[in-house]
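Here is the structure we will look at, set down as structure tokens.
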Amino acid sequence: MKLLFVADVVGGLGRRTLASLLPVLRERHEPDFVVVNGENAAGGVGITRKTATEILDLGADAITLGNHAYRHREVYGYLDTEERIIRPANYPKGSPGRGHTVVERDGVRLGVVNLSGMLFVQAARSPFAEADAILADLRDRADHVLVDMHAEATSEKVALGWHLDGRVTACVGTHTHVPTADFRVLPGGTAYITDVGMTGARGGVIGVKREQAIERFRTMTNVKFETSDEDPWLNAVLVEAGEDGRAVSIEQLLLPAS
Ligand SMILES: [Fe+2]
Ligand SMILES: [Fe+2]
């Protein structure tokens with residue numbers, strides 16, 4: 001089983017970068033599943049029904065989200081009805097959407113789980129206990145499990161990776177928009193990386209126009225943020241796993257759009 005996970009798609013430029021590079025990656029790596037983090041897909045913050053549909057139409061099997069999941073109210077109904085898009089599972093029960101899903105291709109079932117950290121970002125419950133509960137639910141429903149741990153703190157993501165080692169196929173981090181160099185298969189057979197990065201403009205500051213970000217840091221005034229359009233890249237990881245659900249390799253894919 002080969003799984004391609006694409007990090008936070010930022011704005012229209014991120015979506016266009018995904019559209020142009022996904023066919024290349026499909027041909028080169030022939031992934032069985034493609035999962036995309038879409039929390040910044042709409043104008044750089046949040047996701048809408050239109051942008052989610054666009055990503056699914058490009059061939060994503062599932063979309064994960066993060067702290068910007070609820071930015072656009074118009075998507076709430078869609079989060080309730082579209083099973084291929086998930087928001088952090090440890091958000092309040094009863095809030096729009098679901099936190100895990102199962103997608104199937106050629107008889108292989110992939111469980112996808114979205115979690116939020118609690119350090120420097122908000123969540124209603126511990127991602128550790130939440131993951132345990134979800135894995136119990138997925139035990140007979142999925143052949144492989146992918147966890148997208150959306151968190152700011154590297155320590156929290158490393159700890160979750162160890163907590164889940166041997167129990168999921170892959171545990172990948174998102175949210176910082178900066179790819180880390182620690183991708184590896186942990187001893188129990190879980191592919192791990194602290195942060196996959198982002199699919200958007202590397203010429204900005206984690207997706208934002210750099211002049212605006214610098215201005216806000218420099219002056220502490222309320223500077224409006226717009227999405228940068230300079231130097232787009234796609235950041236992803238490719239995970240390969242055996243039939244037993246254990247990963248055998250994880251490869252980092254960092255591709256410029258042109
Ligand atoms: Fe993000
Ligand atoms: Fe985020």
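Ligands are numbered from 1 in the order shown, chains are lettered A, B, ... in the order of the structure tokens, and residues start at 1 in each chain.
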
* Members of segment 17-202 of chain A assigned strand (DSSP E or B) by DSSP, as number ranges by chain -> A: 33-37, 62-64, 85-86, 100-105, 108-116, 144-150, 170-174, 184-185, 191-193, 199-201

* Exercise answer, 6 Å around ligand 1 with only C-alpha atoms and all ligand atoms, as a ChimeraX atom specification -> /A:8,39-40,175

Let's have the selection written as a short mmCIF file (atom, residue, chain, number, x, y, z; two decimals), in the first residue's frame, with all heavy atoms.
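Result went into selection08.cif, see below:
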data_model
loop_
_atom_site.label_atom_id
_atom_site.label_comp_id
_atom_site.auth_asym_id
_atom_site.auth_seq_id
_atom_site.Cartn_x
_atom_site.Cartn_y
_atom_site.Cartn_z
N ASP A 8 -0.66 21.04 4.23
CA ASP A 8 -1.54 22.21 4.17
C ASP A 8 -1.49 22.98 2.85
O ASP A 8 -0.53 23.71 2.58
CB ASP A 8 -1.21 23.18 5.31
CG ASP A 8 -1.26 22.53 6.68
OD1 ASP A 8 -0.95 21.33 6.78
OD2 ASP A 8 -1.60 23.23 7.66
N GLU A 39 -6.72 22.72 5.46
CA GLU A 39 -7.19 23.73 6.43
C GLU A 39 -6.94 25.17 6.01
O GLU A 39 -7.52 26.09 6.58
CB GLU A 39 -6.59 23.47 7.82
CG GLU A 39 -5.14 23.85 7.91
CD GLU A 39 -4.78 24.52 9.24
OE1 GLU A 39 -5.63 24.62 10.11
OE2 GLU A 39 -3.63 24.95 9.35
N ASN A 40 -6.07 25.37 5.01
CA ASN A 40 -5.81 26.73 4.53
C ASN A 40 -6.23 26.91 3.07
O ASN A 40 -5.76 27.84 2.40
CB ASN A 40 -4.30 27.05 4.64
CG ASN A 40 -3.76 26.84 6.03
OD1 ASN A 40 -3.15 25.80 6.30
ND2 ASN A 40 -3.99 27.78 6.91
N HIS A 175 0.60 21.79 10.46
CA HIS A 175 0.29 23.08 11.09
C HIS A 175 1.41 24.11 11.03
O HIS A 175 1.13 25.28 10.83
CB HIS A 175 -0.17 22.93 12.54
CG HIS A 175 -0.42 24.26 13.22
ND1 HIS A 175 -1.46 25.09 12.86
CD2 HIS A 175 0.25 24.91 14.20
CE1 HIS A 175 -1.43 26.18 13.62
NE2 HIS A 175 -0.40 26.10 14.43
#

* To do: Calculate how many Å separate atom CA of Thr48 of chain A from atom CA of Ala213 of chain A, rounding to one decimal.
  => 24.4 Å

* To do: Kindly work out which residues sit at most 7 Å from ligand 2, using only C-alpha atoms and all ligand atoms, and give the list as a PyMOL selection string.
  => chain A and resi 39+66-68+150+175-176

May I have the selected residues written with N, CA and C atoms, as a compact mmCIF listing (two decimals), in the first residue's frame?
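Output below, filename selection18.txt:
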# COMPACT_ATOMS: atom_id res chain seq x y z
N GLU A 39 -6.72 22.72 5.46
CA GLU A 39 -7.19 23.73 6.43
C GLU A 39 -6.94 25.17 6.01
N GLY A 66 -7.67 21.32 10.54
CA GLY A 66 -6.88 21.72 11.71
C GLY A 66 -7.56 22.88 12.42
N ASN A 67 -6.75 23.76 12.99
CA ASN A 67 -7.31 24.83 13.82
C ASN A 67 -8.17 25.81 13.04
N HIS A 68 -8.05 25.84 11.71
CA HIS A 68 -8.90 26.74 10.92
C HIS A 68 -10.15 26.05 10.36
N HIS A 150 -2.32 17.70 13.98
CA HIS A 150 -2.18 19.11 13.67
C HIS A 150 -1.79 19.86 14.94
N HIS A 175 0.60 21.79 10.46
CA HIS A 175 0.29 23.08 11.09
C HIS A 175 1.41 24.11 11.03
N THR A 176 2.67 23.73 11.21
CA THR A 176 3.70 24.77 11.25
C THR A 176 4.04 25.29 9.85

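Residue nearest Asp80 of chain A within the list A:Gly107, A:Gly44, A:Gly189, A:Gly94: A:Gly94 [criterion: smallest interatomic distance, only C-alpha atoms].
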
* Could you tell me which of A:Glu83, A:Glu240, A:Asp165, A:Asp140 comes closest to Asp61 of chain A if we count only C-alpha atoms? => A:Glu83

* What lies within 10 Å of segment 229-237 of chain A using only C-alpha atoms, ignoring chain neighbours under 6 positions off, as a ChimeraX atom specification? -> /A:3-18,20-22,25,35-36,172,177-179,183,191-193,195-204,207-210,250-258

Export of the given selection (N, CA and C atoms) as a compact mmCIF listing (two decimals), in the first residue's frame:
# COMPACT_ATOMS: atom_id res chain seq x y z
N LEU A 3 0.83 5.41 0.17
CA LEU A 3 -0.01 6.51 0.60
C LEU A 3 0.74 7.82 0.43
N LEU A 4 0.09 8.76 -0.26
CA LEU A 4 0.68 10.09 -0.43
C LEU A 4 -0.09 11.06 0.46
N PHE A 5 0.64 11.75 1.32
CA PHE A 5 0.00 12.76 2.16
C PHE A 5 0.57 14.12 1.82
N VAL A 6 -0.31 15.05 1.44
CA VAL A 6 0.11 16.39 1.02
C VAL A 6 -0.22 17.39 2.13
N ALA A 7 0.80 18.19 2.49
CA ALA A 7 0.64 19.13 3.60
C ALA A 7 -0.19 20.36 3.21
N ASP A 8 -0.66 21.04 4.23
CA ASP A 8 -1.54 22.21 4.17
C ASP A 8 -1.49 22.98 2.85
N VAL A 9 -2.56 22.85 2.08
CA VAL A 9 -2.69 23.56 0.81
C VAL A 9 -3.15 24.99 1.12
N VAL A 10 -2.32 25.98 0.76
CA VAL A 10 -2.58 27.36 1.15
C VAL A 10 -3.10 28.19 -0.04
N GLY A 11 -4.38 28.54 0.02
CA GLY A 11 -4.98 29.46 -0.94
C GLY A 11 -5.06 28.93 -2.37
N GLY A 12 -5.43 29.84 -3.26
CA GLY A 12 -5.59 29.49 -4.68
C GLY A 12 -4.30 29.01 -5.30
N LEU A 13 -3.19 29.63 -4.88
CA LEU A 13 -1.89 29.22 -5.42
C LEU A 13 -1.55 27.80 -4.96
N GLY A 14 -1.87 27.48 -3.72
CA GLY A 14 -1.66 26.13 -3.21
C GLY A 14 -2.51 25.12 -3.97
N ARG A 15 -3.75 25.50 -4.25
CA ARG A 15 -4.64 24.59 -4.99
C ARG A 15 -4.14 24.39 -6.42
N ARG A 16 -3.65 25.46 -7.04
CA ARG A 16 -3.12 25.34 -8.41
C ARG A 16 -1.83 24.52 -8.41
N THR A 17 -1.02 24.67 -7.37
CA THR A 17 0.21 23.88 -7.25
C THR A 17 -0.14 22.40 -7.11
N LEU A 18 -1.14 22.12 -6.29
CA LEU A 18 -1.60 20.73 -6.12
C LEU A 18 -2.11 20.18 -7.45
N SER A 20 -1.32 21.02 -10.45
CA SER A 20 -0.30 20.80 -11.47
C SER A 20 0.66 19.67 -11.09
N LEU A 21 0.91 19.47 -9.78
CA LEU A 21 1.91 18.47 -9.39
C LEU A 21 1.34 17.11 -9.01
N LEU A 22 0.07 17.05 -8.63
CA LEU A 22 -0.49 15.75 -8.23
C LEU A 22 -0.44 14.71 -9.35
N LEU A 25 3.05 13.35 -9.48
CA LEU A 25 3.34 12.44 -8.35
C LEU A 25 2.61 11.12 -8.51
N VAL A 35 -4.13 11.69 0.53
CA VAL A 35 -4.81 12.46 1.57
C VAL A 35 -4.17 13.85 1.61
N VAL A 36 -5.02 14.87 1.68
CA VAL A 36 -4.56 16.26 1.59
C VAL A 36 -5.04 17.04 2.81
N VAL A 172 1.62 11.62 10.96
CA VAL A 172 2.32 12.75 10.35
C VAL A 172 1.83 14.05 10.96
N HIS A 177 3.68 24.51 8.81
CA HIS A 177 3.96 24.86 7.41
C HIS A 177 5.44 24.77 7.07
N VAL A 178 6.24 24.24 7.97
CA VAL A 178 7.68 24.09 7.73
C VAL A 178 8.05 22.61 7.83
N PRO A 179 8.57 22.02 6.75
CA PRO A 179 8.88 20.58 6.79
C PRO A 179 10.06 20.28 7.70
N PHE A 183 11.82 12.50 9.28
CA PHE A 183 10.96 11.41 8.79
C PHE A 183 11.67 10.07 8.92
N ALA A 191 5.24 4.97 10.34
CA ALA A 191 5.95 6.04 9.62
C ALA A 191 5.65 7.35 10.32
N TYR A 192 6.69 8.13 10.56
CA TYR A 192 6.52 9.34 11.37
C TYR A 192 7.28 10.53 10.78
N ILE A 193 6.66 11.71 10.88
CA ILE A 193 7.37 12.97 10.62
C ILE A 193 6.72 14.04 11.48
N ASP A 195 6.64 17.41 10.98
CA ASP A 195 5.80 18.28 10.16
C ASP A 195 6.07 18.07 8.67
N VAL A 196 5.01 17.89 7.92
CA VAL A 196 5.14 17.63 6.48
C VAL A 196 5.41 18.94 5.73
N GLY A 197 4.97 20.07 6.29
CA GLY A 197 5.23 21.37 5.64
C GLY A 197 3.96 22.01 5.12
N MET A 198 4.02 22.56 3.92
CA MET A 198 2.83 23.18 3.31
C MET A 198 2.93 23.12 1.79
N THR A 199 1.79 23.29 1.17
CA THR A 199 1.75 23.41 -0.28
C THR A 199 1.32 24.83 -0.58
N GLY A 200 2.30 25.68 -0.81
CA GLY A 200 2.03 27.10 -0.99
C GLY A 200 3.33 27.84 -1.23
N ALA A 201 3.27 29.16 -1.01
CA ALA A 201 4.37 30.04 -1.41
C ALA A 201 5.51 30.04 -0.39
N ARG A 202 6.63 29.49 -0.78
CA ARG A 202 7.79 29.48 0.08
C ARG A 202 8.41 30.87 0.20
N GLY A 203 8.05 31.76 -0.74
CA GLY A 203 8.58 33.13 -0.71
C GLY A 203 7.91 34.01 0.32
N GLY A 204 6.91 33.50 1.01
CA GLY A 204 6.25 34.27 2.05
C GLY A 204 6.67 33.80 3.43
N GLY A 207 3.19 31.14 4.24
CA GLY A 207 2.05 31.30 3.34
C GLY A 207 1.58 32.74 3.17
N VAL A 208 1.96 33.59 4.11
CA VAL A 208 1.53 35.00 4.09
C VAL A 208 2.58 35.84 3.36
N LYS A 209 2.11 36.94 2.70
CA LYS A 209 3.05 37.86 2.05
C LYS A 209 4.10 38.33 3.06
N ARG A 210 5.35 38.23 2.70
CA ARG A 210 6.39 38.44 3.72
C ARG A 210 6.47 39.87 4.22
N ILE A 250 9.23 5.73 4.56
CA ILE A 250 8.61 7.05 4.41
C ILE A 250 9.63 7.94 3.71
N GLU A 251 9.13 8.63 2.69
CA GLU A 251 10.00 9.47 1.86
C GLU A 251 9.43 10.88 1.87
N GLN A 252 10.31 11.87 1.98
CA GLN A 252 9.85 13.25 1.95
C GLN A 252 9.89 13.76 0.51
N LEU A 253 8.81 14.42 0.08
CA LEU A 253 8.74 14.95 -1.27
C LEU A 253 8.58 16.47 -1.21
N LEU A 254 9.60 17.19 -1.65
CA LEU A 254 9.56 18.66 -1.64
C LEU A 254 9.78 19.12 -3.08
N LEU A 255 8.68 19.60 -3.72
CA LEU A 255 8.74 19.89 -5.15
C LEU A 255 8.41 21.34 -5.47
N PRO A 256 9.28 22.04 -6.20
CA PRO A 256 8.91 23.37 -6.67
C PRO A 256 7.86 23.26 -7.78
N ALA A 257 6.99 24.28 -7.89
CA ALA A 257 5.91 24.20 -8.87
C ALA A 257 6.42 24.35 -10.31
N SER A 258 7.60 24.95 -10.47
CA SER A 258 8.07 25.08 -11.84
C SER A 258 9.54 24.71 -11.95

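Here atom CA of Arg105 of chain A and atom CA of Thr190 of chain A stand 21.0 Å from one another.
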
* Structure fact -> The distance between atom CA of Arg71 of chain A and atom CA of Asn114 of chain A is 16.8 Å

* Neighbour list for segment 49-53 of chain A as a PyMOL selection string, cut-off 7 Å, only C-alpha atoms, skip fewer than 4 positions in-chain -> chain A and resi 41-42+57+75+78

Write out, as a tab-separated table, each residue of segment 148-186 of chain A that has an atom at most 8 Å from segment 122-139 of chain A, together with the closest pair of atoms and their distance in Å to one decimal, counting only C-alpha atoms, rows going by chain and rising number.
residue	atom	partner	partner_atom	distance
A:Leu160	CA	A:Phe128	CA	6.6
A:His163	CA	A:Phe128	CA	7.5
A:Arg167	CA	A:Leu135	CA	8.0

Residues from the last selection, N, CA, C and O atoms, saved as a CSV table (one decimal), in the first residue's frame:
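Wrote again.csv, looks like this:
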chain,number,residue,atom,x,y,z
A,160,LEU,N,3.3,11.9,20.5
A,160,LEU,CA,2.1,11.1,19.9
A,160,LEU,C,2.6,10.0,19.0
A,160,LEU,O,2.1,8.9,18.9
A,163,HIS,N,3.6,7.2,21.1
A,163,HIS,CA,2.4,6.7,21.7
A,163,HIS,C,1.7,5.7,20.7
A,163,HIS,O,1.1,4.7,21.1
A,167,ARG,N,0.8,0.9,16.2
A,167,ARG,CA,-0.6,0.9,16.2
A,167,ARG,C,-1.3,1.5,15.0
A,167,ARG,O,-2.5,1.4,14.8

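Minimum atom-to-atom distance to Val34 of chain A, evaluated using only C-alpha atoms, belongs to A:Val103 out of A:Gly117, A:Ile47, A:Arg184, A:Val103.
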
* Structure fact -> Of A:Val168, A:Met149, A:Ala62, A:Met220, the one nearest to Glu104 of chain A when counting only C-alpha atoms is A:Ala62

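Nearest to Ser249 of chain A of all the residues A:Arg109, A:Phe217, A:Val24, A:Thr169 is A:Thr169, based on only C-alpha atoms.
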
* For each of A:Ala89, A:Leu186, A:Ala181, A:Ile55, take the minimum atom-to-atom distance to Val147 of chain A, counting only C-alpha atoms, then give the residue where this is smallest. => A:Ala89

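Taking segment 32-115 of chain A and asking which residues DSSP calls alpha helix (DSSP H) on the backbone, you get Arg49, Lys50, Thr51, Ala52, Thr53, Glu54, Ile55, Leu56, Asp57, Tyr76, Gly77, Tyr78, Leu79, Asp80 and Thr81 of chain A.
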
* To do: For Thr101 of chain A, please output as an MDAnalysis selection string all residues within 7 Å (counting only C-alpha atoms; exclusion window: fewer than 4 positions along the same chain).
  => chainID A and resid 83:84 111:113
